[in-house]
file entry.cif (mmCIF, C-alpha atoms)
data_protein
loop_
_atom_site.group_PDB
_atom_site.id
_atom_site.type_symbol
_atom_site.label_atom_id
_atom_site.label_comp_id
_atom_site.auth_asym_id
_atom_site.auth_seq_id
_atom_site.Cartn_x
_atom_site.Cartn_y
_atom_site.Cartn_z
ATOM 1 C CA MET A 1 1.246 -25.644 -26.180
ATOM 2 C CA HIS A 2 -0.222 -29.118 -26.608
ATOM 3 C CA GLN A 3 -0.182 -29.977 -30.354
ATOM 4 C CA GLY A 4 -3.837 -31.076 -30.477
ATOM 5 C CA GLN A 5 -5.041 -27.872 -28.808
ATOM 6 C CA ALA A 6 -2.779 -25.729 -31.009
ATOM 7 C CA LEU A 7 -4.346 -27.291 -34.112
ATOM 8 C CA ARG A 8 -7.869 -26.801 -32.720
ATOM 9 C CA ASP A 9 -7.080 -23.119 -32.025
ATOM 10 C CA LEU A 10 -5.682 -22.729 -35.547
ATOM 11 C CA GLU A 11 -8.795 -24.368 -37.044
ATOM 12 C CA ARG A 12 -11.062 -22.031 -35.062
ATOM 13 C CA ALA A 13 -9.006 -19.006 -36.174
ATOM 14 C CA PHE A 14 -9.358 -19.983 -39.859
ATOM 15 C CA LYS A 15 -13.100 -20.661 -39.468
ATOM 16 C CA ASN A 16 -13.510 -17.192 -37.951
ATOM 17 C CA PHE A 17 -11.434 -15.680 -40.770
ATOM 18 C CA PHE A 18 -13.649 -17.221 -43.466
ATOM 19 C CA THR A 19 -17.057 -16.860 -41.750
ATOM 20 C CA VAL A 20 -16.953 -13.805 -39.464
ATOM 21 C CA PRO A 21 -16.874 -10.472 -41.339
ATOM 22 C CA GLY A 22 -14.009 -8.172 -40.363
ATOM 23 C CA ARG A 23 -11.834 -10.938 -38.897
ATOM 24 C CA GLY A 24 -8.247 -10.789 -40.108
ATOM 25 C CA PHE A 25 -5.933 -13.581 -41.205
ATOM 26 C CA PRO A 26 -4.680 -15.672 -38.227
ATOM 27 C CA LYS A 27 -1.471 -14.318 -36.709
ATOM 28 C CA PHE A 28 1.285 -16.272 -35.029
ATOM 29 C CA LYS A 29 1.750 -15.617 -31.327
ATOM 30 C CA LYS A 30 4.673 -13.372 -30.442
ATOM 31 C CA LYS A 31 6.880 -14.060 -27.456
ATOM 32 C CA GLY A 32 6.052 -11.683 -24.619
ATOM 33 C CA LYS A 33 2.494 -10.945 -25.846
ATOM 34 C CA LYS A 34 -0.306 -12.927 -24.188
ATOM 35 C CA ASP A 35 2.064 -15.776 -23.305
ATOM 36 C CA SER A 36 0.114 -18.947 -22.500
ATOM 37 C CA LEU A 37 0.255 -22.699 -22.914
ATOM 38 C CA TYR A 38 -2.334 -25.474 -22.783
ATOM 39 C CA LEU A 39 -1.725 -28.890 -21.246
ATOM 40 C CA GLU A 40 -3.845 -32.025 -21.018
ATOM 41 C CA GLY A 41 -3.058 -35.545 -19.961
ATOM 42 C CA SER A 42 -1.927 -36.864 -16.586
ATOM 43 C CA ILE A 43 -2.605 -33.794 -14.411
ATOM 44 C CA LYS A 44 -2.934 -34.395 -10.678
ATOM 45 C CA ILE A 45 -3.639 -32.043 -7.814
ATOM 46 C CA LEU A 46 -1.490 -33.120 -4.914
ATOM 47 C CA LYS A 47 -2.105 -32.408 -1.249
ATOM 48 C CA GLY A 48 -2.528 -28.700 -0.519
ATOM 49 C CA ASN A 49 -1.177 -26.263 -3.082
ATOM 50 C CA TYR A 50 0.785 -28.483 -5.472
ATOM 51 C CA ILE A 51 -0.178 -29.596 -8.977
ATOM 52 C CA LYS A 52 1.650 -32.170 -11.117
ATOM 53 C CA LEU A 53 1.782 -31.154 -14.796
ATOM 54 C CA PRO A 54 2.939 -33.211 -17.798
ATOM 55 C CA ARG A 55 6.402 -32.218 -19.146
ATOM 56 C CA ILE A 56 6.772 -29.529 -16.437
ATOM 57 C CA GLY A 57 6.597 -31.507 -13.197
ATOM 58 C CA ILE A 58 5.324 -30.441 -9.766
ATOM 59 C CA VAL A 59 4.389 -26.766 -9.423
ATOM 60 C CA LYS A 60 3.563 -24.960 -6.188
ATOM 61 C CA THR A 61 0.577 -22.592 -6.312
ATOM 62 C CA TYR A 62 -0.349 -19.611 -4.170
ATOM 63 C CA CYS A 63 -3.891 -20.868 -3.373
ATOM 64 C CA ILE A 64 -5.010 -24.154 -1.851
ATOM 65 C CA LEU A 65 -6.425 -26.307 -4.653
ATOM 66 C CA PRO A 66 -9.512 -28.562 -4.433
ATOM 67 C CA SER A 67 -8.872 -32.317 -4.540
ATOM 68 C CA VAL A 68 -10.631 -33.074 -7.840
ATOM 69 C CA PRO A 69 -9.691 -34.901 -11.062
ATOM 70 C CA VAL A 70 -8.479 -32.292 -13.595
ATOM 71 C CA LYS A 71 -9.113 -32.536 -17.367
ATOM 72 C CA ASN A 72 -6.778 -29.835 -18.679
ATOM 73 C CA VAL A 73 -4.960 -26.669 -17.652
ATOM 74 C CA ARG A 74 -4.076 -23.350 -19.266
ATOM 75 C CA ILE A 75 -1.039 -21.503 -17.922
ATOM 76 C CA SER A 76 -0.865 -17.802 -18.780
ATOM 77 C CA LYS A 77 1.407 -14.873 -17.970
ATOM 78 C CA ARG A 78 0.104 -11.483 -16.813
ATOM 79 C CA ALA A 79 2.426 -8.626 -15.865
ATOM 80 C CA GLY A 80 5.326 -10.947 -15.097
ATOM 81 C CA ASP A 81 3.290 -13.396 -12.954
ATOM 82 C CA TRP A 82 2.127 -16.862 -14.065
ATOM 83 C CA TYR A 83 -1.464 -18.032 -13.547
ATOM 84 C CA ILE A 84 -2.955 -21.486 -13.898
ATOM 85 C CA SER A 85 -6.596 -22.247 -14.621
ATOM 86 C CA PHE A 86 -7.975 -25.766 -14.853
ATOM 87 C CA LYS A 87 -11.167 -27.494 -15.890
ATOM 88 C CA TYR A 88 -12.865 -30.140 -13.767
ATOM 89 C CA ASP A 89 -16.320 -31.668 -13.306
ATOM 90 C CA GLU A 90 -18.262 -30.357 -10.335
ATOM 91 C CA CYS A 91 -19.557 -33.319 -8.342
ATOM 92 C CA GLN A 92 -21.982 -31.605 -5.973
ATOM 93 C CA PRO A 93 -24.819 -29.372 -7.215
ATOM 94 C CA ARG A 94 -24.575 -25.704 -6.216
ATOM 95 C CA PRO A 95 -27.050 -24.464 -3.589
ATOM 96 C CA LEU A 96 -29.939 -22.458 -4.991
ATOM 97 C CA THR A 97 -29.828 -18.715 -4.419
ATOM 98 C CA LYS A 98 -32.465 -17.018 -2.295
ATOM 99 C CA LYS A 99 -35.438 -15.596 -4.150
ATOM 100 C CA ARG A 100 -35.593 -11.808 -4.050
ATOM 101 C CA ALA A 101 -36.480 -8.837 -6.192
ATOM 102 C CA ILE A 102 -34.310 -8.450 -9.307
ATOM 103 C CA ILE A 103 -31.806 -5.605 -9.190
ATOM 104 C CA GLY A 104 -29.621 -4.279 -12.026
ATOM 105 C CA VAL A 105 -26.014 -3.222 -11.490
ATOM 106 C CA ASP A 106 -24.222 -0.757 -13.788
ATOM 107 C CA VAL A 107 -20.426 -0.917 -13.489
ATOM 108 C CA GLY A 108 -18.784 2.503 -13.886
ATOM 109 C CA ILE A 109 -15.460 4.313 -13.653
ATOM 110 C CA ASN A 110 -16.197 7.250 -11.318
ATOM 111 C CA ALA A 111 -18.258 4.987 -9.024
ATOM 112 C CA LEU A 112 -17.620 1.256 -8.687
ATOM 113 C CA ALA A 113 -21.279 0.409 -9.370
ATOM 114 C CA THR A 114 -24.738 1.964 -9.455
ATOM 115 C CA CYS A 115 -27.790 -0.205 -8.746
ATOM 116 C CA SER A 116 -31.148 0.171 -10.483
ATOM 117 C CA ASP A 117 -32.739 1.261 -7.198
ATOM 118 C CA GLY A 118 -30.387 4.299 -7.010
ATOM 119 C CA THR A 119 -27.843 2.883 -4.556
ATOM 120 C CA THR A 120 -24.252 3.771 -5.525
ATOM 121 C CA TYR A 121 -21.053 2.115 -4.371
ATOM 122 C CA PRO A 122 -17.866 4.225 -4.416
ATOM 123 C CA ASN A 123 -14.537 2.909 -5.650
ATOM 124 C CA VAL A 124 -12.426 1.314 -2.942
ATOM 125 C CA LYS A 125 -9.639 3.415 -1.381
ATOM 126 C CA ALA A 126 -6.933 1.084 -2.702
ATOM 127 C CA TYR A 127 -8.301 1.577 -6.244
ATOM 128 C CA LYS A 128 -7.982 5.392 -5.979
ATOM 129 C CA GLN A 129 -4.404 5.081 -4.690
ATOM 130 C CA ALA A 130 -3.466 2.648 -7.459
ATOM 131 C CA LYS A 131 -4.971 4.979 -10.109
ATOM 132 C CA LYS A 132 -2.662 7.803 -8.895
ATOM 133 C CA ARG A 133 0.302 5.420 -9.089
ATOM 134 C CA LEU A 134 -0.773 4.409 -12.605
ATOM 135 C CA THR A 135 -0.692 8.032 -13.805
ATOM 136 C CA ARG A 136 2.805 8.461 -12.339
ATOM 137 C CA TYR A 137 4.110 5.275 -14.033
ATOM 138 C CA GLN A 138 2.542 6.259 -17.378
ATOM 139 C CA ARG A 139 4.481 9.549 -17.280
ATOM 140 C CA ARG A 140 7.694 7.673 -16.466
ATOM 141 C CA VAL A 141 7.238 5.368 -19.462
ATOM 142 C CA GLN A 142 6.694 8.358 -21.765
ATOM 143 C CA LYS A 143 9.948 9.989 -20.602
ATOM 144 C CA LYS A 144 12.122 6.890 -21.171
ATOM 145 C CA GLU A 145 13.921 6.387 -24.461
ATOM 146 C CA PRO A 146 12.213 3.771 -26.713
ATOM 147 C CA GLY A 147 14.125 0.477 -26.788
ATOM 148 C CA SER A 148 16.132 1.188 -23.614
ATOM 149 C CA LYS A 149 16.370 -1.144 -20.619
ATOM 150 C CA ASN A 150 14.994 1.576 -18.341
ATOM 151 C CA ARG A 151 11.895 1.842 -20.535
ATOM 152 C CA ALA A 152 11.417 -1.949 -20.377
ATOM 153 C CA LYS A 153 11.585 -1.757 -16.554
ATOM 154 C CA ALA A 154 9.112 1.136 -16.502
ATOM 155 C CA VAL A 155 6.733 -0.747 -18.828
ATOM 156 C CA LYS A 156 6.907 -3.786 -16.511
ATOM 157 C CA LYS A 157 6.008 -1.606 -13.484
ATOM 158 C CA LEU A 158 3.159 -0.053 -15.454
ATOM 159 C CA ALA A 159 1.826 -3.498 -16.436
ATOM 160 C CA LYS A 160 1.920 -4.645 -12.789
ATOM 161 C CA THR A 161 -0.034 -1.531 -11.749
ATOM 162 C CA HIS A 162 -2.633 -2.146 -14.471
ATOM 163 C CA LYS A 163 -2.997 -5.729 -13.217
ATOM 164 C CA LYS A 164 -3.324 -4.578 -9.607
ATOM 165 C CA ILE A 165 -6.101 -2.115 -10.536
ATOM 166 C CA ALA A 166 -7.952 -4.810 -12.495
ATOM 167 C CA ASP A 167 -7.632 -7.227 -9.547
ATOM 168 C CA ILE A 168 -8.877 -4.633 -7.017
ATOM 169 C CA ARG A 169 -11.930 -3.834 -9.161
ATOM 170 C CA ALA A 170 -12.690 -7.514 -9.867
ATOM 171 C CA ASP A 171 -12.445 -8.357 -6.150
ATOM 172 C CA ALA A 172 -14.690 -5.447 -5.097
ATOM 173 C CA LEU A 173 -17.243 -6.250 -7.835
ATOM 174 C CA HIS A 174 -17.270 -9.928 -6.828
ATOM 175 C CA GLU A 175 -17.920 -8.903 -3.239
ATOM 176 C CA LEU A 176 -20.688 -6.538 -4.342
ATOM 177 C CA THR A 177 -22.436 -9.012 -6.644
ATOM 178 C CA THR A 178 -22.202 -11.775 -4.037
ATOM 179 C CA TRP A 179 -23.792 -9.439 -1.494
ATOM 180 C CA ALA A 180 -26.528 -8.454 -3.986
ATOM 181 C CA SER A 181 -27.242 -12.130 -4.754
ATOM 182 C CA PHE A 182 -27.585 -13.469 -1.230
ATOM 183 C CA LYS A 183 -28.602 -10.602 1.058
ATOM 184 C CA PRO A 184 -32.222 -9.567 1.598
ATOM 185 C CA GLN A 185 -33.514 -6.350 -0.029
ATOM 186 C CA HIS A 186 -32.480 -4.043 2.886
ATOM 187 C CA HIS A 187 -29.605 -1.787 1.834
ATOM 188 C CA SER A 188 -29.048 -0.302 5.287
ATOM 189 C CA ASP A 189 -27.489 -3.462 6.737
ATOM 190 C CA ARG A 190 -24.809 -4.021 4.097
ATOM 191 C CA SER A 191 -21.330 -4.763 5.405
ATOM 192 C CA MET A 192 -18.780 -4.690 2.614
ATOM 193 C CA THR A 193 -15.079 -4.119 3.237
ATOM 194 C CA MET A 194 -14.359 -1.088 1.036
#
call {"tool": "encode", "arguments": {"input": "entry.cif", "output": "structure tokens"}}
result
Amino acid sequence: MHQGQALRDLERAFKNFFTVPGRGFPKFKKKGKKDSLYLEGSIKILKGNYIKLPRIGIVKTYCILPSVPVKNVRISKRAGDWYISFKYDECQPRPLTKKRAIIGVDVGINALATCSDGTTYPNVKAYKQAKKRLTRYQRRVQKKEPGSKNRAKAVKKLAKTHKKIADIRADALHELTTWASFKPQHHSDRSMTM
């Protein structure tokens, strides 16, 4: 992690410890738990899906990146995969959303979401399948001997399944909220890929 950012994070942790009731003493990060690093400096997005990072070099990304000047990046690890998020100034103002009646959305477990007008959205099929897989992997982890290599492999599979479920739900909710923001108030003409 960049030294300046590490010190800022440490300062914030101590401030929280002294001012926020119930906050514990700052703990050092452990390897393998919420692995992440922060970089700032000469960061450049190259043509397409490449980003040049200080001390690391050129990294290829899965998504096509926008050609914008980047201030800093945070690289984090989730279920064995590495993710990069970066901060940049948005040059063009976002288009205003269409004016429409306000609708509330309650995110649930049995149903993906329930709107304030009574409309419910079921969980996507892939989510139900992944939940079954999750139960199976949880049982496998329980049966493995603690500290064994087989348990470590089972835990890794379980973590990947948890991540997949979270990604499926986030994607479906993004689709739903985008639809609710921009579509007119007629629920009969919705076309969401579920």
call {"tool": "closest_residue", "arguments": {"input": "entry.cif", "among": "A:Leu65, A:Leu176, A:Ala111, A:Ala79", "to": "Lys157 in chain A", "atoms": "all atoms listed in the file"}}
result
A:Ala79
call {"tool": "atom_distance", "arguments": {"input": "entry.cif", "atom1": "CA of Lys87 in chain A", "atom2": "CA of Val73 in chain A"}}
result
6.5 Å
call {"tool": "atom_distance", "arguments": {"input": "entry.cif", "atom1": "CA of Ser76 in chain A", "atom2": "CA of Cys63 in chain A"}}
result
16.0 Å
call {"tool": "resolve_selection", "arguments": {"input": "entry.cif", "expression": "the PyMOL selection byres ((chain A and resi 25) around 12)", "output": "list in words"}}
result
Leu10, Glu11, Arg12, Ala13, Phe14, Lys15, Asn16, Phe17, Phe18, Thr19, Val20, Pro21, Gly22, Arg23, Gly24, Pro26, Lys27 and Phe28 of chain A
call {"tool": "write_last_selection", "arguments": {"input": "entry.cif", "atoms": "C-alpha atoms", "output": "mmCIF file, in the coordinates of the input"}}
result
data_model
loop_
_atom_site.group_PDB
_atom_site.id
_atom_site.type_symbol
_atom_site.label_atom_id
_atom_site.label_comp_id
_atom_site.auth_asym_id
_atom_site.auth_seq_id
_atom_site.Cartn_x
_atom_site.Cartn_y
_atom_site.Cartn_z
ATOM 1 C CA LEU A 10 -5.682 -22.729 -35.547
ATOM 2 C CA GLU A 11 -8.795 -24.368 -37.044
ATOM 3 C CA ARG A 12 -11.062 -22.031 -35.062
ATOM 4 C CA ALA A 13 -9.006 -19.006 -36.174
ATOM 5 C CA PHE A 14 -9.358 -19.983 -39.859
ATOM 6 C CA LYS A 15 -13.100 -20.661 -39.468
ATOM 7 C CA ASN A 16 -13.510 -17.192 -37.951
ATOM 8 C CA PHE A 17 -11.434 -15.680 -40.770
ATOM 9 C CA PHE A 18 -13.649 -17.221 -43.466
ATOM 10 C CA THR A 19 -17.057 -16.860 -41.750
ATOM 11 C CA VAL A 20 -16.953 -13.805 -39.464
ATOM 12 C CA PRO A 21 -16.874 -10.472 -41.339
ATOM 13 C CA GLY A 22 -14.009 -8.172 -40.363
ATOM 14 C CA ARG A 23 -11.834 -10.938 -38.897
ATOM 15 C CA GLY A 24 -8.247 -10.789 -40.108
ATOM 16 C CA PRO A 26 -4.680 -15.672 -38.227
ATOM 17 C CA LYS A 27 -1.471 -14.318 -36.709
ATOM 18 C CA PHE A 28 1.285 -16.272 -35.029
#
call {"tool": "resolve_selection", "arguments": {"input": "entry.cif", "expression": "the PyMOL selection byres ((chain A and resi 62) around 12)", "output": "list in words"}}
result
Gly48, Asn49, Tyr50, Ile51, Val59, Lys60, Thr61, Cys63, Ile64, Leu65, Asp81, Trp82, Tyr83 and Ile84 of chain A
call {"tool": "resolve_selection", "arguments": {"input": "entry.cif", "expression": "the PyMOL selection byres ((chain A and resi 124) around 10)", "output": "VMD selection string"}}
result
chain A and resid 111 to 112 121 to 123 125 to 129 168 to 169 172 193 to 194
call {"tool": "atom_distance", "arguments": {"input": "entry.cif", "atom1": "CA of Glu175 in chain A", "atom2": "CA of Ile45 in chain A"}}
result
27.6 Å
call {"tool": "closest_residue", "arguments": {"input": "entry.cif", "among": "A:Lys29, A:Lys131, A:Lys160, A:Lys44", "to": "Pro69 in chain A", "atoms": "all atoms listed in the file"}}
result
A:Lys44
call {"tool": "residues_near_point", "arguments": {"input": "entry.cif", "point": "(-4.6, -35.7, -20.6)", "cutoff": "7 Å", "atoms": "only C-alpha atoms", "output": "list in words"}}
result
Glu40, Gly41, Ser42, Ile43, Lys71 and Asn72 of chain A
call {"tool": "closest_residue", "arguments": {"input": "entry.cif", "among": "A:Leu39, A:Leu134, A:Ala159, A:Leu173", "to": "Lys77 in chain A", "atoms": "all atoms listed in the file"}}
result
A:Ala159
call {"tool": "axis_aligned_box", "arguments": {"input": "entry.cif", "around": "range 135-139 of chain A", "padding_each_side": "5 Å", "output": "AutoDock Vina command-line options"}}
result
--center_x 1.9 --center_y 7.4 --center_z -14.9 --size_x 15.2 --size_y 14.3 --size_z 15.0
call {"tool": "closest_residue", "arguments": {"input": "entry.cif", "among": "A:Lys47, A:Lys34, A:Arg151, A:Arg74", "to": "Arg139 in chain A", "atoms": "all atoms listed in the file"}}
result
A:Arg151
call {"tool": "closest_residue", "arguments": {"input": "entry.cif", "among": "A:Ala130, A:Leu37, A:Gly108, A:Ile75", "to": "Asp167 in chain A", "atoms": "all atoms listed in the file"}}
result
A:Ala130
